[in-house]
>>> print(open('coords.txt').read())   # compact mmCIF, C-alpha atoms
# COMPACT_ATOMS: atom_id res chain seq x y z
CA ALA A 1 6.42 15.19 7.21
CA GLN A 2 3.52 12.80 7.29
CA LYS A 3 3.73 9.71 9.42
CA ILE A 4 1.47 6.76 10.20
CA THR A 5 1.90 4.76 13.41
CA GLN A 6 0.42 1.34 14.09
CA THR A 7 1.47 0.25 17.55
CA GLN A 8 -0.04 -3.25 17.55
CA PRO A 9 2.21 -5.74 15.73
CA GLY A 10 -0.30 -8.51 16.36
CA MET A 11 -3.86 -8.93 17.59
CA PHE A 12 -6.01 -11.94 18.41
CA VAL A 13 -9.79 -12.03 18.35
CA GLN A 14 -12.35 -14.76 18.69
CA GLU A 15 -14.71 -15.41 15.83
CA LYS A 16 -17.89 -13.25 15.93
CA GLU A 17 -16.30 -10.73 18.28
CA ALA A 18 -15.45 -7.14 17.34
CA VAL A 19 -11.86 -5.93 17.16
CA THR A 20 -10.25 -2.50 16.91
CA LEU A 21 -6.97 -1.94 15.09
CA ASP A 22 -5.21 1.25 16.08
CA CYS A 23 -3.80 3.88 13.77
CA THR A 24 -2.48 7.33 14.58
CA TYR A 25 -1.16 9.81 12.08
CA ASP A 26 0.80 12.99 11.95
CA THR A 27 0.37 15.70 9.35
CA SER A 28 0.31 19.46 9.11
CA ASP A 29 -2.05 19.41 6.14
CA GLN A 30 -5.70 20.32 6.53
CA SER A 31 -6.82 18.14 3.63
CA TYR A 32 -5.81 14.51 3.66
CA GLY A 33 -7.22 11.04 3.29
CA LEU A 34 -6.92 7.93 5.44
CA PHE A 35 -7.12 4.40 4.10
CA TRP A 36 -7.13 0.87 5.41
CA TYR A 37 -5.89 -2.06 3.38
CA LYS A 38 -6.04 -5.79 4.10
CA GLN A 39 -3.30 -8.13 2.99
CA PRO A 40 -4.14 -11.86 3.20
CA SER A 41 -1.40 -14.46 3.08
CA SER A 42 -1.73 -14.48 -0.71
CA GLY A 43 -0.01 -11.08 -0.70
CA GLU A 44 -2.42 -8.85 -2.58
CA MET A 45 -3.42 -5.58 -0.93
CA ILE A 46 -7.19 -5.16 -0.72
CA PHE A 47 -8.69 -1.71 -0.17
CA LEU A 48 -11.18 -1.72 2.71
CA ILE A 49 -12.26 1.78 3.65
CA TYR A 50 -11.50 5.48 3.20
CA GLN A 51 -12.00 8.55 5.39
CA GLY A 52 -11.49 12.12 4.22
CA SER A 53 -10.29 14.71 6.67
CA TYR A 54 -13.35 16.87 6.03
CA ASP A 55 -15.85 14.02 6.29
CA GLU A 56 -18.05 14.63 9.29
CA GLN A 57 -19.34 11.09 9.56
CA ASN A 58 -17.22 8.05 10.26
CA ALA A 59 -16.85 5.87 7.19
CA THR A 60 -18.49 2.45 7.13
CA GLU A 61 -18.27 -0.41 4.64
CA GLY A 62 -20.19 -3.49 5.67
CA ARG A 63 -18.51 -4.94 8.76
CA TYR A 64 -15.74 -2.34 8.62
CA SER A 65 -15.97 1.08 10.18
CA LEU A 66 -13.40 3.75 10.72
CA ASN A 67 -13.38 5.50 14.08
CA PHE A 68 -12.05 8.90 13.04
CA GLN A 69 -11.00 11.24 15.84
CA LYS A 70 -9.47 14.25 14.16
CA ALA A 71 -8.36 16.09 17.27
CA ARG A 72 -6.52 13.00 18.49
CA LYS A 73 -5.24 12.24 14.97
CA SER A 74 -6.45 8.70 15.12
CA ALA A 75 -8.18 6.57 12.51
CA ASN A 76 -8.87 3.18 14.08
CA LEU A 77 -10.39 0.35 12.08
CA VAL A 78 -13.23 -1.53 13.73
CA ILE A 79 -14.16 -4.95 12.41
CA SER A 80 -17.45 -6.22 13.73
CA ALA A 81 -18.44 -9.88 13.92
CA SER A 82 -14.97 -11.18 13.03
CA GLN A 83 -14.70 -14.10 10.65
CA LEU A 84 -11.88 -16.60 10.15
CA GLY A 85 -11.27 -15.04 6.75
CA ASP A 86 -10.41 -11.74 8.42
CA SER A 87 -7.07 -13.20 9.49
CA ALA A 88 -4.55 -11.06 7.61
CA MET A 89 -2.18 -8.11 7.83
CA TYR A 90 -3.90 -4.75 8.03
CA PHE A 91 -2.25 -1.52 6.93
CA CYS A 92 -3.29 2.03 7.68
CA ALA A 93 -2.23 4.62 5.10
CA MET A 94 -2.52 8.34 4.49
CA SER A 95 -2.51 10.35 1.31
CA GLY A 96 0.37 12.71 1.08
CA GLY A 97 -1.45 15.98 1.56
CA ILE A 98 -2.88 18.53 -0.80
CA TYR A 99 0.42 19.17 -2.58
CA ASN A 100 1.31 15.50 -2.77
CA THR A 101 -1.95 13.73 -3.36
CA ASP A 102 -0.48 11.02 -5.52
CA LYS A 103 1.38 9.11 -2.86
CA LEU A 104 0.38 7.02 0.14
CA ILE A 105 2.32 6.71 3.35
CA PHE A 106 1.86 3.36 5.06
CA GLY A 107 2.14 2.22 8.64
CA THR A 108 4.01 -0.93 9.64
CA GLY A 109 0.87 -3.02 9.82
CA THR A 110 -1.00 -5.18 12.35
CA ARG A 111 -1.35 -8.92 11.95
CA LEU A 112 -4.84 -10.01 12.99
CA GLN A 113 -5.55 -13.62 13.83
CA VAL A 114 -9.12 -14.77 14.27
CA PHE A 115 -9.60 -18.01 16.19
CA PRO A 116 -12.70 -20.20 16.43
CA ASP B 117 -12.53 -4.04 -12.26
CA VAL B 118 -9.01 -2.73 -12.23
CA LYS B 119 -6.45 -5.39 -12.75
CA VAL B 120 -2.78 -5.03 -11.91
CA THR B 121 -0.59 -7.95 -12.80
CA GLN B 122 3.02 -8.70 -11.98
CA SER B 123 5.21 -10.93 -14.09
CA SER B 124 6.21 -13.36 -11.34
CA ARG B 125 4.88 -14.37 -7.94
CA TYR B 126 8.19 -15.87 -6.87
CA LEU B 127 11.66 -15.17 -8.19
CA VAL B 128 15.08 -16.46 -7.14
CA LYS B 129 18.19 -14.69 -8.44
CA ARG B 130 21.89 -14.66 -7.70
CA THR B 131 23.91 -11.77 -6.33
CA GLY B 132 25.07 -9.49 -9.13
CA GLU B 133 22.37 -10.47 -11.60
CA LYS B 134 20.27 -7.85 -13.35
CA VAL B 135 16.64 -8.35 -12.38
CA PHE B 136 13.52 -7.07 -14.11
CA LEU B 137 10.16 -6.95 -12.36
CA GLU B 138 7.27 -6.15 -14.67
CA CYS B 139 3.92 -4.64 -13.79
CA VAL B 140 0.95 -4.13 -16.11
CA GLN B 141 -2.36 -2.40 -15.41
CA ASP B 142 -5.41 -2.43 -17.65
CA MET B 143 -7.34 0.65 -16.54
CA ASP B 144 -5.46 3.44 -18.30
CA HIS B 145 -4.13 4.80 -15.00
CA GLU B 146 -1.59 7.61 -15.17
CA ASN B 147 0.17 6.85 -11.89
CA MET B 148 2.11 3.71 -11.12
CA PHE B 149 4.16 2.78 -8.07
CA TRP B 150 6.73 0.27 -6.89
CA TYR B 151 6.93 -0.59 -3.19
CA ARG B 152 8.95 -3.03 -1.22
CA GLN B 153 7.49 -4.65 1.86
CA ASP B 154 9.60 -5.95 4.73
CA PRO B 155 8.42 -7.29 8.09
CA GLY B 156 8.11 -4.54 10.66
CA LEU B 157 8.72 -1.82 8.09
CA GLY B 158 5.44 -1.77 6.20
CA LEU B 159 5.42 -0.64 2.59
CA ARG B 160 8.10 1.74 1.42
CA LEU B 161 7.94 3.57 -1.88
CA ILE B 162 10.83 2.86 -4.24
CA TYR B 163 9.76 4.78 -7.35
CA PHE B 164 6.69 6.46 -8.67
CA SER B 165 5.70 7.27 -12.25
CA TYR B 166 3.07 9.92 -12.87
CA ASP B 167 2.92 9.37 -16.63
CA VAL B 168 4.72 7.74 -19.51
CA LYS B 169 8.46 8.36 -19.35
CA MET B 170 7.97 10.34 -16.13
CA LYS B 171 9.38 9.06 -12.88
CA GLU B 172 10.14 10.26 -9.41
CA LYS B 173 12.25 8.75 -6.66
CA GLY B 174 10.49 7.48 -3.61
CA ASP B 175 11.90 6.92 -0.16
CA ILE B 176 14.34 4.11 -0.97
CA PRO B 177 15.47 4.36 -4.62
CA GLU B 178 19.09 3.30 -4.08
CA GLY B 179 19.97 0.20 -6.05
CA TYR B 180 16.87 0.41 -8.23
CA SER B 181 15.83 2.02 -11.49
CA VAL B 182 12.54 2.07 -13.37
CA SER B 183 11.24 2.27 -16.89
CA ARG B 184 7.86 3.40 -18.21
CA GLU B 185 7.79 3.35 -21.99
CA LYS B 186 4.06 2.59 -22.23
CA LYS B 187 1.25 3.80 -20.05
CA GLU B 188 0.16 0.35 -18.95
CA ARG B 189 3.60 -1.01 -18.06
CA PHE B 190 6.01 -0.06 -15.28
CA SER B 191 9.22 -1.99 -14.81
CA LEU B 192 11.47 -2.12 -11.77
CA ILE B 193 15.10 -2.93 -12.45
CA LEU B 194 17.69 -4.13 -10.00
CA GLU B 195 20.92 -3.34 -11.84
CA SER B 196 23.04 -5.67 -9.70
CA ALA B 197 20.98 -7.65 -7.23
CA SER B 198 22.20 -7.91 -3.67
CA THR B 199 21.04 -10.06 -0.77
CA ASN B 200 19.59 -7.03 1.03
CA GLN B 201 17.14 -6.65 -1.85
CA THR B 202 15.45 -9.90 -0.87
CA SER B 203 11.92 -8.71 -0.22
CA MET B 204 8.31 -8.62 -1.34
CA TYR B 205 7.77 -6.15 -4.21
CA LEU B 206 4.35 -4.67 -4.80
CA CYS B 207 3.21 -2.69 -7.80
CA ALA B 208 0.23 -0.34 -7.67
CA SER B 209 -1.61 2.04 -9.97
CA ARG B 210 -4.16 4.82 -9.64
CA LYS B 211 -5.87 7.42 -11.75
CA SER B 212 -4.36 10.85 -11.41
CA SER B 213 -6.94 13.20 -9.94
CA GLY B 214 -5.23 15.79 -7.76
CA LEU B 215 -7.59 14.78 -4.97
CA VAL B 216 -6.68 13.40 -1.59
CA TYR B 217 -8.93 10.44 -2.31
CA ASN B 218 -6.49 8.38 -4.29
CA GLU B 219 -7.10 4.70 -3.84
CA GLN B 220 -4.26 2.67 -5.22
CA PHE B 221 -4.89 -0.71 -6.81
CA PHE B 222 -2.27 -3.33 -6.10
CA GLY B 223 -0.86 -6.31 -7.92
CA PRO B 224 -0.36 -9.70 -6.23
CA GLY B 225 3.28 -9.01 -5.37
CA THR B 226 6.59 -10.67 -6.28
CA ARG B 227 8.60 -12.42 -3.61
CA LEU B 228 12.20 -11.96 -4.66
CA THR B 229 15.01 -13.95 -3.09
CA VAL B 230 18.59 -13.00 -3.89
CA LEU B 231 21.13 -15.71 -3.06
>>> encode(input="coords.txt", output="structure tokens")
Amino acid sequence: AQKITQTQPGMFVQEKEAVTLDCTYDTSDQSYGLFWYKQPSSGEMIFLIYQGSYDEQNATEGRYSLNFQKARKSANLVISASQLGDSAMYFCAMSGGIYNTDKLIFGTGTRLQVFP
Amino acid sequence: DVKVTQSSRYLVKRTGEKVFLECVQDMDHENMFWYRQDPGLGLRLIYFSYDVKMKEKGDIPEGYSVSREKKERFSLILESASTNQTSMYLCASRKSSGLVYNEQFFGPGTRLTVL
């Protein structure tokens, strides 16, 4: 069965610094997708970035990049030049595999706090 | 832009009441989902609907039922609310594609308190 593990319940980072949020996954599928979502205090989940298991390059979206290490089964989110507005919960998720592409499996989340 | 709306942001109900949580999406998506979110547990799938009148149990369906009579609307029903159903409920939708890339679009969530 697929599983996502986020071992950091909380992280602190100073404004303008970079921060890495950890995510490891477990799957026996060869084809899968990895996602990161941001959840501000308002509650809505905001999609940040996606990495496919066959993508050779690490995904990037503005200040967000995904450090994908397939052999280690890790998909860490890197936020560069942190801003106060980055303070939020961050969830790593994985699509359910080639026979179960409709569903996402979520980790328990990391709460990031950015301080001035 | 995809828009997913939920009928209430905050809801307070009493134990034993029947509770309806409504979710509407405006992008003609086939798939719709209900999750509950609890601290330290992340998001857990309650029910999933892959098309009108089609539903599938998720990881924690006990105590819940769902209804999807129209493509754009997916309702979560708590037949007899209990205090352990106090939680944040999130609705999501996505277009069915059969691909591993399957971004889900989320509503703003409903914080339900059962007294």
>>> interface_residues(input="coords.txt", of="chain B", to="chain A", cutoff="12 Å", atoms="all atoms listed in the file", output="ChimeraX atom specification")
/B:118-122,125-126,145-167,172-175,204-227
>>> atom_distance(input="coords.txt", atom1="CA of Gly132 in chain B", atom2="CA of Ser198 in chain B")
6.4 Å
>>> residues_around(input="coords.txt", residues="Leu231 in chain B", least_positions_apart="3", cutoff="12 Å", atoms="only C-alpha atoms", output="compact mmCIF listing (two decimals) with C-alpha atoms, in the coordinates of the input")
# COMPACT_ATOMS: atom_id res chain seq x y z
CA LEU B 127 11.66 -15.17 -8.19
CA VAL B 128 15.08 -16.46 -7.14
CA LYS B 129 18.19 -14.69 -8.44
CA ARG B 130 21.89 -14.66 -7.70
CA THR B 131 23.91 -11.77 -6.33
CA GLY B 132 25.07 -9.49 -9.13
CA GLU B 133 22.37 -10.47 -11.60
CA ALA B 197 20.98 -7.65 -7.23
CA SER B 198 22.20 -7.91 -3.67
CA THR B 199 21.04 -10.06 -0.77
CA ASN B 200 19.59 -7.03 1.03
CA GLN B 201 17.14 -6.65 -1.85
CA THR B 202 15.45 -9.90 -0.87
CA SER B 203 11.92 -8.71 -0.22
CA LEU B 228 12.20 -11.96 -4.66
>>> residues_near_point(input="coords.txt", point="(18.0, -0.6, -14.2)", cutoff="9 Å", atoms="only C-alpha atoms", output="list in words")
Lys134, Val135, Phe136, Gly179, Tyr180, Ser181, Val182, Ser183, Ser191, Leu192, Ile193, Leu194, Glu195 and Ser196 of chain B
>>> write_last_selection(input="coords.txt", atoms="C-alpha atoms", output="CSV table (one decimal), keeping the file's coordinate frame")
chain,number,residue,atom,x,y,z
B,134,LYS,CA,20.3,-7.8,-13.4
B,135,VAL,CA,16.6,-8.4,-12.4
B,136,PHE,CA,13.5,-7.1,-14.1
B,179,GLY,CA,20.0,0.2,-6.0
B,180,TYR,CA,16.9,0.4,-8.2
B,181,SER,CA,15.8,2.0,-11.5
B,182,VAL,CA,12.5,2.1,-13.4
B,183,SER,CA,11.2,2.3,-16.9
B,191,SER,CA,9.2,-2.0,-14.8
B,192,LEU,CA,11.5,-2.1,-11.8
B,193,ILE,CA,15.1,-2.9,-12.4
B,194,LEU,CA,17.7,-4.1,-10.0
B,195,GLU,CA,20.9,-3.3,-11.8
B,196,SER,CA,23.0,-5.7,-9.7
>>> atom_distance(input="coords.txt", atom1="CA of Glu188 in chain B", atom2="CA of Lys169 in chain B")
11.5 Å
>>> atom_distance(input="coords.txt", atom1="CA of Thr7 in chain A", atom2="CA of Arg111 in chain A")
11.1 Å
